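Engineer: If it helps, the file is called target31.cif and holds mmCIF, C-alpha atoms:
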```
data_input
#
loop_
_atom_site.group_PDB
_atom_site.id
_atom_site.type_symbol
_atom_site.label_atom_id
_atom_site.label_comp_id
_atom_site.auth_asym_id
_atom_site.auth_seq_id
_atom_site.Cartn_x
_atom_site.Cartn_y
_atom_site.Cartn_z
ATOM 1 C CA MET A 25 156.399 173.630 -93.337
ATOM 2 C CA MET A 26 154.967 174.730 -90.008
ATOM 3 C CA GLN A 27 154.460 171.867 -87.550
ATOM 4 C CA PHE A 28 150.822 171.888 -86.500
ATOM 5 C CA GLY A 29 149.741 170.331 -83.222
ATOM 6 C CA ILE A 30 146.892 170.298 -80.734
ATOM 7 C CA ARG A 31 146.276 170.510 -77.002
ATOM 8 C CA LEU A 32 146.068 166.966 -75.677
ATOM 9 C CA HIS A 33 143.202 167.928 -73.363
ATOM 10 C CA ASP A 34 141.108 168.765 -76.435
ATOM 11 C CA VAL A 35 141.387 165.144 -77.608
ATOM 12 C CA VAL A 36 139.019 162.345 -76.549
ATOM 13 C CA GLN A 37 139.266 161.216 -72.931
ATOM 14 C CA ALA A 38 141.900 158.461 -72.954
ATOM 15 C CA PRO A 39 145.349 157.631 -71.569
ATOM 16 C CA VAL A 40 148.142 159.843 -72.888
ATOM 17 C CA GLY A 41 149.532 157.167 -75.194
ATOM 18 C CA GLU A 42 146.141 156.707 -76.832
ATOM 19 C CA ARG A 43 145.670 160.461 -77.273
ATOM 20 C CA LEU A 44 149.067 160.682 -78.954
ATOM 21 C CA ARG A 45 148.190 157.821 -81.311
ATOM 22 C CA ILE A 46 144.935 159.551 -82.265
ATOM 23 C CA ILE A 47 146.493 162.922 -83.073
ATOM 24 C CA LYS A 48 149.237 161.264 -85.099
ATOM 25 C CA GLU A 49 146.558 159.551 -87.198
ATOM 26 C CA GLN A 50 144.753 162.871 -87.594
ATOM 27 C CA GLY A 51 147.846 164.430 -89.151
ATOM 28 C CA PHE A 52 149.258 166.471 -86.271
ATOM 29 C CA THR A 53 153.008 166.506 -85.611
ATOM 30 C CA CYS A 54 153.186 167.963 -82.079
ATOM 31 C CA ALA A 55 151.170 168.497 -78.915
ATOM 32 C CA HIS A 56 150.622 170.958 -76.091
ATOM 33 C CA VAL A 57 150.574 169.062 -72.796
ATOM 34 C CA ALA A 58 149.069 170.316 -69.541
ATOM 35 C CA LEU A 59 149.843 167.421 -67.212
ATOM 36 C CA SER A 60 146.979 168.011 -64.775
ATOM 37 C CA LYS A 61 144.449 168.125 -67.628
ATOM 38 C CA VAL A 62 145.448 164.874 -69.337
ATOM 39 C CA ILE A 63 146.760 162.633 -66.551
ATOM 40 C CA SER A 64 144.382 161.515 -63.803
ATOM 41 C CA GLU A 65 145.621 158.005 -63.102
ATOM 42 C CA ASN A 66 148.927 159.209 -61.590
ATOM 43 C CA SER A 67 150.108 162.160 -59.532
ATOM 44 C CA VAL A 68 151.502 165.175 -61.366
ATOM 45 C CA ALA A 69 152.479 167.027 -58.177
ATOM 46 C CA PRO A 70 155.962 168.576 -58.228
ATOM 47 C CA GLU A 71 157.456 165.699 -56.237
ATOM 48 C CA ALA A 72 156.116 163.218 -58.815
ATOM 49 C CA LEU A 73 157.831 164.892 -61.766
ATOM 50 C CA THR A 74 160.946 162.736 -61.779
ATOM 51 C CA PRO A 75 163.339 162.185 -64.685
ATOM 52 C CA GLY A 76 161.942 158.674 -65.102
ATOM 53 C CA TYR A 77 158.386 159.987 -65.439
ATOM 54 C CA ALA A 78 159.509 162.495 -68.077
ATOM 55 C CA MET A 79 161.465 159.873 -69.997
ATOM 56 C CA TYR A 80 158.451 157.534 -69.935
ATOM 57 C CA LEU A 81 156.325 160.238 -71.571
ATOM 58 C CA LYS A 82 159.121 161.011 -74.015
ATOM 59 C CA ARG A 83 159.059 157.380 -75.172
ATOM 60 C CA LEU A 84 155.334 157.729 -75.869
ATOM 61 C CA PHE A 85 155.982 160.850 -77.945
ATOM 62 C CA ASP A 86 158.868 159.212 -79.792
ATOM 63 C CA LYS A 87 156.801 156.081 -80.515
ATOM 64 C CA ASN A 88 154.271 158.274 -82.322
ATOM 65 C CA GLU A 89 156.916 160.509 -83.948
ATOM 66 C CA LEU A 90 155.500 163.573 -82.223
ATOM 67 C CA ASP A 91 157.102 166.568 -80.504
ATOM 68 C CA CYS A 92 156.041 167.967 -77.151
ATOM 69 C CA ALA A 93 155.747 171.576 -78.296
ATOM 70 C CA VAL A 94 154.567 173.091 -75.010
ATOM 71 C CA LEU A 95 154.523 171.843 -71.438
ATOM 72 C CA GLY A 96 151.779 174.040 -70.024
ATOM 73 C CA CYS A 97 152.143 175.451 -66.518
ATOM 74 C CA TYR A 98 149.508 178.179 -66.394
ATOM 75 C CA LEU A 99 149.676 179.515 -62.848
ATOM 76 C CA ASN A 100 149.529 182.974 -61.289
ATOM 77 C CA LEU A 101 152.968 184.475 -60.719
ATOM 78 C CA ALA A 102 151.461 187.756 -59.512
ATOM 79 C CA THR A 103 149.509 186.451 -56.526
ATOM 80 C CA PRO A 104 149.865 188.659 -53.422
ATOM 81 C CA ASP A 105 149.843 185.547 -51.192
ATOM 82 C CA GLU A 106 153.512 184.852 -50.412
ATOM 83 C CA ALA A 107 152.982 181.190 -49.550
ATOM 84 C CA GLN A 108 150.993 180.657 -52.735
ATOM 85 C CA LEU A 109 153.696 182.431 -54.734
ATOM 86 C CA ARG A 110 156.465 180.206 -53.366
ATOM 87 C CA GLU A 111 154.393 177.111 -54.134
ATOM 88 C CA THR A 112 153.695 178.410 -57.644
ATOM 89 C CA GLN A 113 157.369 179.129 -58.331
ATOM 90 C CA GLU A 114 158.272 175.654 -57.095
ATOM 91 C CA LYS A 115 155.729 174.150 -59.498
ATOM 92 C CA TYR A 116 157.250 176.097 -62.372
ATOM 93 C CA MET A 117 160.704 174.868 -61.448
ATOM 94 C CA ALA A 118 159.480 171.264 -61.213
ATOM 95 C CA ASN A 119 157.945 171.597 -64.678
ATOM 96 C CA ILE A 120 161.173 173.108 -65.990
ATOM 97 C CA ARG A 121 163.154 170.129 -64.694
ATOM 98 C CA PHE A 122 160.553 167.810 -66.209
ATOM 99 C CA ALA A 123 160.728 169.613 -69.562
ATOM 100 C CA ALA A 124 164.497 169.149 -69.660
ATOM 101 C CA HIS A 125 164.096 165.354 -69.647
ATOM 102 C CA LEU A 126 160.907 165.296 -71.722
ATOM 103 C CA GLY A 127 162.455 167.399 -74.463
ATOM 104 C CA ALA A 128 159.606 169.935 -74.491
ATOM 105 C CA GLY A 129 160.002 172.920 -76.763
ATOM 106 C CA VAL A 130 158.968 175.424 -74.097
ATOM 107 C CA VAL A 131 157.351 175.616 -70.684
ATOM 108 C CA GLY A 132 154.397 177.871 -71.378
ATOM 109 C CA THR A 133 152.661 180.319 -69.066
ATOM 110 C CA GLU A 134 150.193 183.153 -69.131
ATOM 111 C CA THR A 135 150.894 186.208 -67.001
ATOM 112 C CA GLY A 136 148.445 186.292 -64.145
ATOM 113 C CA ALA A 137 146.537 188.843 -62.122
ATOM 114 C CA PRO A 138 147.357 190.708 -58.882
ATOM 115 C CA ASN A 139 144.903 188.692 -56.768
ATOM 116 C CA VAL A 140 144.714 185.177 -55.356
ATOM 117 C CA GLU A 141 141.658 184.268 -57.464
ATOM 118 C CA TYR A 142 143.461 184.821 -60.789
ATOM 119 C CA ARG A 143 140.609 187.006 -62.056
ATOM 120 C CA PHE A 144 140.619 190.127 -64.168
ATOM 121 C CA GLU A 145 140.562 193.526 -62.480
ATOM 122 C CA GLU A 146 141.660 196.879 -63.826
ATOM 123 C CA ALA A 147 144.777 196.688 -61.640
ATOM 124 C CA CYS A 148 146.037 193.982 -64.021
ATOM 125 C CA TRP A 149 146.907 196.769 -66.421
ATOM 126 C CA ASN A 150 148.828 199.095 -64.100
ATOM 127 C CA GLU A 151 152.584 199.467 -63.794
ATOM 128 C CA ALA A 152 152.774 198.010 -60.297
ATOM 129 C CA SER A 153 151.265 194.712 -61.442
ATOM 130 C CA LEU A 154 153.680 194.493 -64.359
ATOM 131 C CA GLN A 155 156.656 195.013 -62.040
ATOM 132 C CA ILE A 156 155.352 192.365 -59.616
ATOM 133 C CA PHE A 157 155.059 189.881 -62.465
ATOM 134 C CA ILE A 158 158.555 190.646 -63.751
ATOM 135 C CA LYS A 159 160.025 190.334 -60.252
ATOM 136 C CA ASN A 160 158.350 186.966 -59.640
ATOM 137 C CA LEU A 161 159.165 185.627 -63.107
ATOM 138 C CA ARG A 162 162.899 186.383 -62.804
ATOM 139 C CA PRO A 163 163.859 183.415 -60.579
ATOM 140 C CA VAL A 164 161.811 181.077 -62.766
ATOM 141 C CA VAL A 165 163.672 182.207 -65.883
ATOM 142 C CA LYS A 166 166.996 182.015 -64.050
ATOM 143 C CA TYR A 167 166.216 178.409 -63.167
ATOM 144 C CA ALA A 168 165.285 177.721 -66.780
ATOM 145 C CA GLU A 169 168.694 179.041 -67.825
ATOM 146 C CA GLN A 170 170.374 176.656 -65.414
ATOM 147 C CA MET A 171 168.360 173.716 -66.768
ATOM 148 C CA GLY A 172 168.734 174.629 -70.440
ATOM 149 C CA VAL A 173 164.970 175.059 -70.916
ATOM 150 C CA LEU A 174 162.941 177.822 -72.583
ATOM 151 C CA VAL A 175 160.084 179.566 -70.768
ATOM 152 C CA ALA A 176 157.535 181.285 -72.982
ATOM 153 C CA ILE A 177 154.986 183.854 -71.829
ATOM 154 C CA GLU A 178 151.651 184.256 -73.572
ATOM 155 C CA PRO A 179 150.176 187.777 -73.694
ATOM 156 C CA VAL A 180 146.421 187.860 -72.981
ATOM 157 C CA VAL A 181 144.344 191.022 -73.110
ATOM 158 C CA ARG A 182 142.761 190.448 -69.672
ATOM 159 C CA HIS A 183 145.999 189.479 -67.906
ATOM 160 C CA ILE A 184 148.960 191.558 -66.734
ATOM 161 C CA VAL A 185 150.878 191.251 -69.996
ATOM 162 C CA CYS A 186 147.901 192.417 -71.993
ATOM 163 C CA ASN A 187 149.450 193.679 -75.207
ATOM 164 C CA PRO A 188 152.619 193.473 -77.340
ATOM 165 C CA VAL A 189 154.161 196.585 -75.766
ATOM 166 C CA ARG A 190 154.034 195.129 -72.257
ATOM 167 C CA ALA A 191 155.312 191.780 -73.538
ATOM 168 C CA ARG A 192 158.274 193.525 -75.148
ATOM 169 C CA ARG A 193 159.018 195.236 -71.833
ATOM 170 C CA VAL A 194 159.077 191.904 -69.986
ATOM 171 C CA LEU A 195 161.491 190.452 -72.540
ATOM 172 C CA ASP A 196 163.751 193.503 -72.410
ATOM 173 C CA GLU A 197 163.770 193.900 -68.623
ATOM 174 C CA ILE A 198 164.531 190.233 -67.921
ATOM 175 C CA ALA A 199 166.871 190.080 -70.920
ATOM 176 C CA SER A 200 167.309 186.309 -71.017
ATOM 177 C CA PRO A 201 167.802 184.121 -74.097
ATOM 178 C CA ASN A 202 165.657 181.535 -72.292
ATOM 179 C CA LEU A 203 162.556 183.763 -72.210
ATOM 180 C CA ARG A 204 160.385 183.579 -75.323
ATOM 181 C CA ILE A 205 156.838 184.314 -76.542
ATOM 182 C CA ILE A 206 153.842 182.128 -77.269
ATOM 183 C CA LEU A 207 151.816 184.230 -79.696
ATOM 184 C CA ASP A 208 148.060 183.748 -79.648
ATOM 185 C CA PRO A 209 146.578 186.529 -81.801
ATOM 186 C CA VAL A 210 143.023 185.926 -80.565
ATOM 187 C CA ASN A 211 144.145 186.379 -76.954
ATOM 188 C CA LEU A 212 145.149 189.956 -77.832
ATOM 189 C CA LEU A 213 141.589 190.773 -78.891
ATOM 190 C CA GLU A 214 138.408 191.669 -77.039
ATOM 191 C CA SER A 215 134.973 192.961 -77.936
ATOM 192 C CA TYR A 216 136.243 196.545 -77.783
ATOM 193 C CA ASN A 217 139.293 196.174 -80.052
ATOM 194 C CA TYR A 218 138.692 193.277 -82.451
ATOM 195 C CA GLU A 219 137.916 195.654 -85.322
ATOM 196 C CA GLU A 220 141.520 196.851 -85.012
ATOM 197 C CA GLN A 221 142.927 193.333 -85.262
ATOM 198 C CA ASP A 222 145.119 194.074 -88.293
ATOM 199 C CA ALA A 223 146.955 196.869 -86.467
ATOM 200 C CA ILE A 224 147.245 194.705 -83.325
ATOM 201 C CA ILE A 225 148.597 191.743 -85.306
ATOM 202 C CA ASP A 226 151.097 193.986 -87.103
ATOM 203 C CA GLU A 227 152.258 195.453 -83.784
ATOM 204 C CA ALA A 228 152.660 191.982 -82.267
ATOM 205 C CA LEU A 229 154.732 190.737 -85.192
ATOM 206 C CA GLY A 230 156.812 193.907 -85.244
ATOM 207 C CA LEU A 231 157.594 193.974 -81.523
ATOM 208 C CA LEU A 232 157.617 190.270 -80.680
ATOM 209 C CA GLY A 233 158.085 188.353 -83.909
ATOM 210 C CA LYS A 234 161.757 187.550 -83.489
ATOM 211 C CA ASP A 235 161.096 186.077 -80.021
ATOM 212 C CA VAL A 236 158.021 183.994 -80.911
ATOM 213 C CA ALA A 237 158.759 180.322 -80.210
ATOM 214 C CA VAL A 238 155.247 178.858 -80.561
ATOM 215 C CA LEU A 239 152.014 179.939 -82.229
ATOM 216 C CA HIS A 240 148.584 179.205 -80.761
ATOM 217 C CA VAL A 241 145.875 178.837 -83.389
ATOM 218 C CA LYS A 242 142.174 179.478 -82.819
ATOM 219 C CA ASP A 243 139.460 181.842 -83.997
ATOM 220 C CA PHE A 244 136.793 184.123 -82.565
ATOM 221 C CA VAL A 245 133.248 185.318 -83.047
ATOM 222 C CA ILE A 246 131.358 188.175 -81.431
ATOM 223 C CA LYS A 247 128.268 186.818 -79.676
ATOM 224 C CA ASP A 248 125.909 188.965 -77.615
ATOM 225 C CA GLY A 249 128.558 191.663 -77.500
ATOM 226 C CA ARG A 250 131.244 189.308 -76.191
ATOM 227 C CA LEU A 251 134.288 187.850 -77.914
ATOM 228 C CA VAL A 252 134.080 184.049 -77.863
ATOM 229 C CA SER A 253 136.883 181.697 -78.888
ATOM 230 C CA VAL A 254 136.064 179.027 -81.488
ATOM 231 C CA PRO A 255 138.093 176.545 -83.574
ATOM 232 C CA VAL A 256 140.139 178.095 -86.368
ATOM 233 C CA GLY A 257 138.108 178.400 -89.549
ATOM 234 C CA GLN A 258 134.857 179.129 -87.713
ATOM 235 C CA GLY A 259 135.439 182.809 -86.959
ATOM 236 C CA GLN A 260 136.904 186.081 -88.150
ATOM 237 C CA CYS A 261 140.577 186.113 -87.155
ATOM 238 C CA HIS A 262 142.711 187.288 -90.088
ATOM 239 C CA TRP A 263 145.060 184.315 -90.265
ATOM 240 C CA ASP A 264 145.919 185.232 -93.840
ATOM 241 C CA ARG A 265 147.632 188.311 -92.404
ATOM 242 C CA ILE A 266 149.674 186.286 -89.898
ATOM 243 C CA MET A 267 150.825 183.286 -91.892
ATOM 244 C CA PRO A 268 152.999 185.033 -94.519
ATOM 245 C CA TYR A 269 155.300 186.244 -91.729
ATOM 246 C CA MET A 270 155.395 182.814 -90.104
ATOM 247 C CA LYS A 271 156.081 181.060 -93.395
ATOM 248 C CA ARG A 272 158.895 183.474 -94.227
ATOM 249 C CA GLU A 273 160.512 183.861 -90.798
ATOM 250 C CA LYS A 274 159.629 180.743 -88.740
ATOM 251 C CA PRO A 275 160.216 177.505 -90.689
ATOM 252 C CA TYR A 276 159.146 174.316 -88.885
ATOM 253 C CA MET A 277 157.897 176.251 -85.856
ATOM 254 C CA HIS A 278 155.354 174.517 -83.617
ATOM 255 C CA ALA A 279 151.789 175.833 -83.877
ATOM 256 C CA THR A 280 149.131 174.233 -81.689
ATOM 257 C CA LEU A 281 145.379 174.398 -82.243
ATOM 258 C CA GLU A 282 143.134 175.427 -79.345
ATOM 259 C CA ASP A 283 139.428 175.194 -78.532
ATOM 260 C CA THR A 284 138.822 172.319 -80.939
ATOM 261 C CA GLU A 285 136.727 169.249 -80.195
ATOM 262 C CA PRO A 286 137.352 165.690 -81.402
ATOM 263 C CA ASP A 287 134.815 166.042 -84.230
ATOM 264 C CA ASN A 288 136.208 169.292 -85.692
ATOM 265 C CA ALA A 289 139.953 169.055 -85.069
ATOM 266 C CA VAL A 290 140.822 167.662 -88.498
ATOM 267 C CA ALA A 291 138.717 170.291 -90.282
ATOM 268 C CA ALA A 292 140.492 173.007 -88.284
ATOM 269 C CA LEU A 293 143.880 171.511 -89.148
ATOM 270 C CA ASN A 294 142.989 171.374 -92.842
ATOM 271 C CA PHE A 295 141.783 174.978 -92.786
ATOM 272 C CA ILE A 296 144.917 176.452 -91.231
ATOM 273 C CA THR A 297 147.209 174.227 -93.305
ATOM 274 C CA GLU A 298 145.614 175.586 -96.481
ATOM 275 C CA ILE A 299 146.038 179.185 -95.285
ATOM 276 C CA TYR A 300 149.705 178.441 -94.584
ATOM 277 C CA ARG A 301 150.274 176.830 -97.990
ATOM 278 C CA ASN A 302 148.784 179.814 -99.791
ATOM 279 C CA ALA A 303 150.611 182.421 -97.690
#
```
Could I get this structure in the form of structure tokens?

Structural biologist:
Amino acid sequence: MMQFGIRLHDVVQAPVGERLRIIKEQGFTCAHVALSKVISENSVAPEALTPGYAMYLKRLFDKNELDCAVLGCYLNLATPDEAQLRETQEKYMANIRFAAHLGAGVVGTETGAPNVEYRFEEACWNEASLQIFIKNLRPVVKYAEQMGVLVAIEPVVRHIVCNPVRARRVLDEIASPNLRIILDPVNLLESYNYEEQDAIIDEALGLLGKDVAVLHVKDFVIKDGRLVSVPVGQGQCHWDRIMPYMKREKPYMHATLEDTEPDNAVAALNFITEIYRNA
């Protein structure tokens, strides 16, 4: 059975231990944790991420019989600002050390943009931007190897790694067993390509499937000509095309729900669980 989880910052505002208790009661078995989005009472700066801090959080997870599926560290590794880049790489390394003691499945990241604002521009999709990202990701992955931690990149259509082909190139060029994929099918879609979602999903599974470590689960609708993310079960993503592969090839893999709210999280979980059972 796939292990379904949720982003802790989509749960009611409460201390981490309380959020974990709530999602356990709701039927989830794992969580995606972005420290800065769920912890406000303490520092989560790199210097604060000590082994003791990680082990404290691990006890909270263990108490609730939950896994930390993803430790999110979604920063821009393609920034042209050298000082900002060094600070960003240091934050990734601090999170990697933290993940080693927390027991997180992966340290997750998206793939940035070639500007300091982390905003989309057409240059995201050129070869130079891809090479900058690969160059700046290499030392982070090397550090992950040294710490025995997995780093997983998440392709997003409006970021540098915008499709399965570019994601495959990153994996092949870095060629590390510690570099994996977070697959979010909706993040590969936009208003101009969503009608081709079956071909895009098939390409993603064909090129990336063996390296997928975590699945992100949400849905989408087209509203006023724009693609808008919604909780799974409220949109038109073809999850029935994705789940047979996951059920066959990825037993007990972590899959975390996104873009839910406290009042619809259980309904979303029930929806995707039923799709999985029938796959």

Engineer: For segment 179-182 of chain A, find every residue with an atom within 8 Å (counting all atoms listed in the file), except residues of its own chain fewer than 5 positions away, and show them as a PyMOL selection string.

Structural biologist: chain A and resi 134-135+144+148+187-188+191+206-208+211-214

Engineer: Take the PyMOL selection byres ((chain A and resi 152-159) around 8), apply it to the structure above, and return the hits as a list in words.

Structural biologist: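 Checked against the file, the PyMOL selection byres ((chain A and resi 152-159) around 8) matches Leu101, Ala102, Thr135, Gly136, Ala137, Pro138, Ala147, Cys148, Trp149, Asn150, Glu151, Asn160, Leu161, Arg162, Pro163, Ile184, Val185, Arg190, Val194, Glu197 and Ile198 of chain A.
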
Engineer: Running the PyMOL selection byres ((chain A and resi 203) around 10) on this model by hand, what would come out? Give it as a PDB file with C-alpha atoms, in the coordinates of the input.

Structural biologist:
```pdb
ATOM      1  CA  VAL A 130     158.968 175.424 -74.097  1.00  0.00           C
ATOM      2  CA  VAL A 131     157.351 175.616 -70.684  1.00  0.00           C
ATOM      3  CA  LEU A 161     159.165 185.627 -63.107  1.00  0.00           C
ATOM      4  CA  ARG A 162     162.899 186.383 -62.804  1.00  0.00           C
ATOM      5  CA  VAL A 164     161.811 181.077 -62.766  1.00  0.00           C
ATOM      6  CA  VAL A 165     163.672 182.207 -65.883  1.00  0.00           C
ATOM      7  CA  LYS A 166     166.996 182.015 -64.050  1.00  0.00           C
ATOM      8  CA  ALA A 168     165.285 177.721 -66.780  1.00  0.00           C
ATOM      9  CA  GLU A 169     168.694 179.041 -67.825  1.00  0.00           C
ATOM     10  CA  VAL A 173     164.970 175.059 -70.916  1.00  0.00           C
ATOM     11  CA  LEU A 174     162.941 177.822 -72.583  1.00  0.00           C
ATOM     12  CA  VAL A 175     160.084 179.566 -70.768  1.00  0.00           C
ATOM     13  CA  ALA A 176     157.535 181.285 -72.982  1.00  0.00           C
ATOM     14  CA  ILE A 177     154.986 183.854 -71.829  1.00  0.00           C
ATOM     15  CA  VAL A 194     159.077 191.904 -69.986  1.00  0.00           C
ATOM     16  CA  LEU A 195     161.491 190.452 -72.540  1.00  0.00           C
ATOM     17  CA  ASP A 196     163.751 193.503 -72.410  1.00  0.00           C
ATOM     18  CA  ILE A 198     164.531 190.233 -67.921  1.00  0.00           C
ATOM     19  CA  ALA A 199     166.871 190.080 -70.920  1.00  0.00           C
ATOM     20  CA  SER A 200     167.309 186.309 -71.017  1.00  0.00           C
ATOM     21  CA  PRO A 201     167.802 184.121 -74.097  1.00  0.00           C
ATOM     22  CA  ASN A 202     165.657 181.535 -72.292  1.00  0.00           C
ATOM     23  CA  ARG A 204     160.385 183.579 -75.323  1.00  0.00           C
ATOM     24  CA  ILE A 205     156.838 184.314 -76.542  1.00  0.00           C
ATOM     25  CA  ASP A 235     161.096 186.077 -80.021  1.00  0.00           C
ATOM     26  CA  VAL A 236     158.021 183.994 -80.911  1.00  0.00           C
ATOM     27  CA  ALA A 237     158.759 180.322 -80.210  1.00  0.00           C
TER      28      ALA A 237
END
```

Engineer: Using all atoms listed in the file, which of A:Val68, A:Asn88, A:Met25, A:Glu220 sits nearest Arg45 of chain A?

Structural biologist: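 Once distances to Arg45 of chain A are computed over all atoms listed in the file, the minimum belongs to A:Asn88.
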
Engineer: Measuring between all atoms listed in the file, which one of A:Asp283, A:Asp243, A:Glu178, A:Glu298 shows the shortest distance to Ile30 of chain A?

Structural biologist: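 Looking at the shortest contact to Ile30 of chain A, the residue is A:Asp283.
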
Engineer: Which is closest to Tyr142 of chain A among A:Leu99, A:Ala58, A:Ala292, A:Ala38, if we use all atoms listed in the file?

Structural biologist: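 Nearest candidate to Tyr142 of chain A out of A:Leu99, A:Ala58, A:Ala292, A:Ala38: A:Leu99.
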
Engineer: Using all atoms of segment 100-112 of chain A listed in the file and a margin of 8 Å per side, can you give the axis-aligned box centre and edge lengths in Å to one decimal, as AutoDock Vina command-line options?

Structural biologist:
```
--center_x 153.0 --center_y 182.9 --center_z -55.4 --size_x 23.0 --size_y 27.5 --size_z 27.7
```

Engineer: Can you turn the PyMOL selection byres ((chain A and resi 46) around 12) into a concrete residue list for this file, as a ChimeraX atom specification?

Structural biologist: /A:29-30,32,34-45,47-55,85,88,90,286,289-290
